[in-house]
file my_file.txt (compact mmCIF, C-alpha atoms)
# COMPACT_ATOMS: atom_id res chain seq x y z
CA MET B 1 218.52 34.95 -47.09
CA VAL B 2 219.59 37.78 -49.36
CA SER B 3 223.25 37.56 -50.32
CA SER B 4 225.56 40.57 -50.10
CA GLU B 5 226.36 40.28 -53.83
CA TYR B 6 222.65 40.42 -54.61
CA GLU B 7 222.17 43.38 -52.27
CA GLY B 8 225.04 45.17 -54.01
CA ARG B 9 223.43 44.74 -57.40
CA ILE B 10 220.10 45.95 -56.06
CA ALA B 11 221.73 48.94 -54.35
CA ALA B 12 223.04 50.02 -57.75
CA ARG B 13 219.52 49.83 -59.12
CA PHE B 14 218.27 51.87 -56.14
CA ALA B 15 220.70 54.64 -57.06
CA THR B 16 219.14 54.78 -60.53
CA PHE B 17 215.84 55.84 -58.98
CA ASP B 18 217.31 58.13 -56.31
CA GLN B 19 217.76 60.99 -58.78
CA ASP B 20 218.80 63.57 -56.17
CA GLY B 21 221.03 61.23 -54.17
CA ASN B 22 219.36 61.97 -50.83
CA GLY B 23 219.18 58.31 -49.80
CA TRP B 24 215.55 57.60 -50.58
CA ILE B 25 213.21 57.39 -53.53
CA ASP B 26 210.20 59.66 -53.50
CA ARG B 27 207.76 61.34 -55.85
CA GLU B 28 210.24 64.15 -56.49
CA ASP B 29 212.74 61.67 -57.94
CA PHE B 30 210.14 60.63 -60.50
CA ASN B 31 209.33 64.28 -61.25
CA ALA B 32 213.05 65.05 -61.67
CA ALA B 33 213.40 62.14 -64.11
CA THR B 34 210.40 63.42 -66.07
CA LYS B 35 211.77 66.97 -66.22
CA ALA B 36 215.15 65.70 -67.40
CA VAL B 37 213.68 63.64 -70.24
CA LEU B 38 211.38 66.47 -71.34
CA SER B 39 214.26 68.93 -71.29
CA GLU B 40 216.49 66.62 -73.33
CA PHE B 41 213.88 66.46 -76.07
CA ASP B 42 212.68 70.08 -75.82
CA THR B 43 209.19 68.89 -74.95
CA THR B 44 206.99 71.08 -72.78
CA ALA B 45 205.30 69.73 -69.68
CA ARG B 46 201.94 71.01 -70.92
CA SER B 47 202.14 69.15 -74.23
CA ASP B 48 200.29 65.86 -74.64
CA LYS B 49 203.59 63.96 -74.50
CA GLY B 50 204.70 65.94 -71.45
CA GLN B 51 201.45 65.29 -69.61
CA ALA B 52 201.59 61.59 -70.49
CA LEU B 53 205.13 61.37 -69.11
CA TYR B 54 204.12 63.04 -65.83
CA ILE B 55 201.08 60.76 -65.55
CA GLY B 56 203.28 57.73 -66.28
CA ALA B 57 205.81 58.85 -63.67
CA GLU B 58 203.07 59.27 -61.07
CA ALA B 59 201.65 55.83 -61.85
CA PHE B 60 205.14 54.32 -61.58
CA TRP B 61 205.73 56.10 -58.26
CA GLN B 62 202.36 54.96 -56.88
CA GLY B 63 202.99 51.37 -57.94
CA MET B 64 206.46 51.29 -56.45
CA ALA B 65 205.37 53.01 -53.24
CA GLY B 66 202.50 50.55 -52.88
CA ILE B 67 204.91 47.66 -53.02
CA ALA B 68 207.95 49.00 -51.18
CA ASP B 69 207.01 51.88 -48.84
CA ARG B 70 206.50 49.67 -45.80
CA ASP B 71 206.16 52.48 -43.25
CA GLY B 72 203.93 54.71 -45.40
CA ASP B 73 206.10 57.82 -45.15
CA GLN B 74 206.08 58.42 -48.94
CA ARG B 75 209.80 57.61 -49.11
CA ILE B 76 211.39 54.34 -50.15
CA THR B 77 214.67 53.77 -48.35
CA ARG B 78 217.38 51.53 -49.72
CA ASP B 79 216.38 48.87 -47.19
CA GLU B 80 212.73 49.09 -48.22
CA PHE B 81 213.78 48.86 -51.86
CA VAL B 82 216.02 45.83 -51.33
CA ASN B 83 213.74 44.01 -48.91
CA GLY B 84 210.42 45.20 -50.26
CA ALA B 85 210.08 45.88 -53.94
CA VAL B 86 212.80 43.67 -55.33
CA LYS B 87 212.28 40.64 -53.11
CA ARG B 88 208.54 40.75 -53.78
CA LEU B 89 208.95 41.26 -57.51
CA ARG B 90 211.92 39.08 -58.43
CA ASP B 91 209.67 36.06 -58.75
CA ASN B 92 207.27 38.06 -60.92
CA PRO B 93 209.24 40.47 -63.14
CA ASP B 94 206.19 41.05 -65.31
CA ARG B 95 204.50 42.75 -62.36
CA PHE B 96 207.37 45.24 -62.06
CA ALA B 97 207.32 45.84 -65.80
CA GLU B 98 203.61 46.59 -65.67
CA ILE B 99 204.16 49.12 -62.90
CA ALA B 100 206.80 50.84 -65.04
CA ARG B 101 205.01 50.48 -68.40
CA PRO B 102 203.09 53.82 -68.37
CA PHE B 103 206.31 55.75 -67.75
CA LEU B 104 208.33 53.70 -70.24
CA HIS B 105 205.60 54.06 -72.87
CA ALA B 106 205.46 57.83 -72.40
CA ALA B 107 209.27 58.21 -72.40
CA LEU B 108 209.42 56.25 -75.64
CA ALA B 109 206.77 58.55 -77.13
CA VAL B 110 208.83 61.62 -76.18
CA ALA B 111 211.89 60.09 -77.87
CA ASP B 112 209.89 58.92 -80.91
CA SER B 113 210.59 61.66 -83.44
CA ASP B 114 208.68 60.17 -86.37
CA GLY B 115 205.62 58.80 -84.56
CA ASP B 116 206.15 55.16 -85.52
CA GLY B 117 206.00 53.88 -81.92
CA THR B 118 209.74 53.31 -81.63
CA ALA B 119 212.81 55.38 -80.80
CA THR B 120 216.14 55.26 -82.53
CA VAL B 121 219.00 53.69 -80.62
CA GLU B 122 220.56 57.16 -80.42
CA ASP B 123 217.41 58.72 -78.96
CA THR B 124 217.08 55.84 -76.50
CA ALA B 125 220.62 56.60 -75.34
CA ARG B 126 219.59 60.25 -74.91
CA VAL B 127 216.75 59.18 -72.61
CA LEU B 128 219.12 57.05 -70.55
CA LYS B 129 221.66 59.87 -70.27
CA ALA B 130 218.90 62.27 -69.21
CA LEU B 131 218.06 59.81 -66.44
CA GLY B 132 221.65 59.93 -65.19
CA VAL B 133 223.19 56.92 -66.91
CA PRO B 134 226.81 57.64 -67.88
CA GLU B 135 227.24 58.20 -71.63
CA GLN B 136 229.26 55.08 -72.43
CA ILE B 137 226.86 52.84 -70.52
CA ALA B 138 223.83 54.60 -72.01
CA ASN B 139 225.13 54.08 -75.54
CA ALA B 140 225.93 50.41 -74.96
CA THR B 141 222.62 49.78 -73.20
CA ALA B 142 220.59 51.46 -75.93
CA ALA B 143 222.33 49.36 -78.57
CA ALA B 144 221.68 46.19 -76.55
CA LEU B 145 217.98 47.09 -76.24
CA ASP B 146 217.67 46.86 -80.02
CA THR B 147 217.31 43.08 -79.89
CA ASP B 148 216.12 42.75 -83.48
CA THR B 149 218.92 45.06 -84.74
CA ASP B 150 216.61 47.28 -86.79
CA GLY B 151 218.13 50.49 -85.40
CA LYS B 152 214.99 51.16 -83.36
CA VAL B 153 213.89 50.33 -79.84
CA SER B 154 210.28 49.28 -79.27
CA GLU B 155 208.20 49.31 -76.12
CA SER B 156 208.33 45.53 -75.80
CA GLU B 157 212.14 45.57 -75.99
CA ILE B 158 212.33 48.26 -73.30
CA VAL B 159 209.78 46.71 -70.94
CA THR B 160 211.36 43.26 -71.13
CA ALA B 161 214.86 44.61 -70.50
CA PHE B 162 213.63 46.84 -67.68
CA ALA B 163 212.00 43.94 -65.90
CA ARG B 164 215.15 41.83 -66.24
CA TYR B 165 217.44 44.62 -64.99
CA PHE B 166 215.45 45.51 -61.89
CA THR B 167 214.36 42.04 -60.86
CA VAL B 168 217.74 40.35 -60.91
CA PRO B 169 217.94 36.84 -59.52
CA GLU B 170 219.66 36.28 -56.22
call {"tool": "encode", "arguments": {"input": "my_file.txt", "output": "structure tokens"}}
result
Amino acid sequence: MVSSEYEGRIAARFATFDQDGNGWIDREDFNAATKAVLSEFDTTARSDKGQALYIGAEAFWQGMAGIADRDGDQRITRDEFVNGAVKRLRDNPDRFAEIARPFLHAALAVADSDGDGTATVEDTARVLKALGVPEQIANATAAALDTDTDGKVSESEIVTAFARYFTVPE
């Protein structure tokens, strides 16, 4: 049985994906997230980094839809999200991380100004704000992602934290 506290936490995570607030997650939400990140970093959609981010977003959408879109209508409702994706993935957070990895990798590359495979804590916060996270939370989250306190956020730090955040225990 899924507890109401657990459902509340998952509903908050659902809202993170529902970029336009229409009550469901669909491909357009992933495209909107991609456009927002590219705009924040003045990166064109036709650039290599832009194309990689769109490809990563599509892979993420396809993976999530494959797990959660129970009725096949190309929309993931809150109920499908709570009872589909999260319940199926909470016992295997690595699976969810792997679904998200292409998008997270590409977003990190967009934010990586010096090409070293990492993003500064500040640029990580910019990505989060572009995705709709309030500034104070984005800043605190980006700082917390820097687990080795080197001032940079790596792909492994992001993927691990992402899996933990979206596959919360009941």
call {"tool": "closest_residue", "arguments": {"input": "my_file.txt", "among": "B:Ser156, B:Gly151, B:Glu98, B:Glu80", "to": "Ile25 (chain B)", "atoms": "all atoms listed in the file"}}
result
B:Glu80
call {"tool": "atom_distance", "arguments": {"input": "my_file.txt", "atom1": "CA of Asp150 (chain B)", "atom2": "CA of Thr34 (chain B)"}}
result
27.0 Å
call {"tool": "closest_residue", "arguments": {"input": "my_file.txt", "among": "B:Gly117, B:Ala59, B:Val110, B:Gly23", "to": "Thr44 (chain B)", "atoms": "all atoms listed in the file"}}
result
B:Val110
call {"tool": "closest_residue", "arguments": {"input": "my_file.txt", "among": "B:Arg101, B:Arg27, B:Arg13, B:Arg126", "to": "Asp73 (chain B)", "atoms": "all atoms listed in the file"}}
result
B:Arg27
call {"tool": "closest_atom_pairs", "arguments": {"input": "my_file.txt", "of": "region 77-154 of chain B", "to": "region 161-165 of chain B", "cutoff": "8 Å", "atoms": "all atoms listed in the file", "output": "CSV"}}
result
residue,atom,partner,partner_atom,distance
B:Pro93,CA,B:Ala163,CA,5.2
B:Asp94,CA,B:Ala163,CA,6.5
B:Phe96,CA,B:Ala163,CA,6.2
B:Ala97,CA,B:Ala163,CA,5.1
B:Leu145,CA,B:Ala161,CA,7.0
call {"tool": "residues_around", "arguments": {"input": "my_file.txt", "residues": "Pro102 (chain B)", "least_positions_apart": "3", "cutoff": "8 Å", "atoms": "all atoms listed in the file", "output": "list in words"}}
result
Leu53, Ile55, Gly56, Ala57, Ala59, Phe60, Glu98, Ile99, His105 and Ala106 of chain B
call {"tool": "build_atoms", "arguments": {"input": "my_file.txt", "residues": "region 130-141 of chain B", "atoms": "all heavy atoms", "output": "compact mmCIF listing (two decimals), keeping the file's coordinate frame"}}
result
# COMPACT_ATOMS: atom_id res chain seq x y z
N ALA B 130 219.72 61.30 -69.94
CA ALA B 130 218.90 62.27 -69.21
C ALA B 130 218.52 61.74 -67.83
O ALA B 130 218.37 62.51 -66.88
CB ALA B 130 217.64 62.62 -70.00
N LEU B 131 218.40 60.43 -67.72
CA LEU B 131 218.06 59.81 -66.44
C LEU B 131 219.28 59.56 -65.55
O LEU B 131 219.17 58.98 -64.49
CB LEU B 131 217.32 58.49 -66.69
CG LEU B 131 215.95 58.65 -67.35
CD1 LEU B 131 215.36 57.29 -67.70
CD2 LEU B 131 215.00 59.45 -66.47
N GLY B 132 220.45 60.01 -66.02
CA GLY B 132 221.65 59.93 -65.19
C GLY B 132 222.57 58.77 -65.49
O GLY B 132 223.55 58.56 -64.78
N VAL B 133 222.30 58.02 -66.54
CA VAL B 133 223.19 56.92 -66.91
C VAL B 133 224.41 57.51 -67.61
O VAL B 133 224.26 58.33 -68.53
CB VAL B 133 222.46 55.91 -67.83
CG1 VAL B 133 223.39 54.81 -68.30
CG2 VAL B 133 221.23 55.34 -67.13
N PRO B 134 225.61 57.13 -67.22
CA PRO B 134 226.81 57.64 -67.88
C PRO B 134 226.78 57.36 -69.39
O PRO B 134 226.26 56.32 -69.82
CB PRO B 134 227.96 56.89 -67.21
CG PRO B 134 227.41 56.48 -65.88
CD PRO B 134 225.94 56.23 -66.11
N GLU B 135 227.36 58.26 -70.17
CA GLU B 135 227.24 58.20 -71.63
C GLU B 135 227.65 56.86 -72.22
O GLU B 135 226.92 56.30 -73.05
CB GLU B 135 228.07 59.32 -72.28
CG GLU B 135 227.92 59.35 -73.77
CD GLU B 135 228.54 60.57 -74.42
OE1 GLU B 135 229.10 61.41 -73.70
OE2 GLU B 135 228.46 60.66 -75.65
N GLN B 136 228.79 56.34 -71.85
CA GLN B 136 229.26 55.08 -72.43
C GLN B 136 228.30 53.93 -72.13
O GLN B 136 227.98 53.13 -73.00
CB GLN B 136 230.66 54.76 -71.91
CG GLN B 136 231.35 53.65 -72.65
CD GLN B 136 232.81 53.52 -72.24
OE1 GLN B 136 233.27 54.11 -71.27
NE2 GLN B 136 233.55 52.74 -73.00
N ILE B 137 227.80 53.89 -70.90
CA ILE B 137 226.86 52.84 -70.52
C ILE B 137 225.53 53.05 -71.22
O ILE B 137 224.90 52.09 -71.70
CB ILE B 137 226.69 52.79 -68.99
CG1 ILE B 137 228.01 52.38 -68.34
CG2 ILE B 137 225.57 51.85 -68.58
CD1 ILE B 137 228.04 52.53 -66.83
N ALA B 138 225.09 54.29 -71.32
CA ALA B 138 223.83 54.60 -72.01
C ALA B 138 223.89 54.17 -73.47
O ALA B 138 222.94 53.56 -73.98
CB ALA B 138 223.51 56.09 -71.91
N ASN B 139 224.99 54.47 -74.13
CA ASN B 139 225.13 54.08 -75.54
C ASN B 139 225.12 52.56 -75.72
O ASN B 139 224.44 52.03 -76.60
CB ASN B 139 226.40 54.69 -76.13
CG ASN B 139 226.32 56.19 -76.25
OD1 ASN B 139 225.24 56.78 -76.31
ND2 ASN B 139 227.47 56.83 -76.28
N ALA B 140 225.87 51.87 -74.87
CA ALA B 140 225.93 50.41 -74.96
C ALA B 140 224.58 49.78 -74.62
O ALA B 140 224.14 48.83 -75.28
CB ALA B 140 227.02 49.87 -74.03
N THR B 141 223.92 50.31 -73.61
CA THR B 141 222.62 49.78 -73.20
C THR B 141 221.59 49.99 -74.29
O THR B 141 220.81 49.08 -74.61
CB THR B 141 222.16 50.44 -71.89
OG1 THR B 141 223.14 50.17 -70.87
CG2 THR B 141 220.81 49.93 -71.45
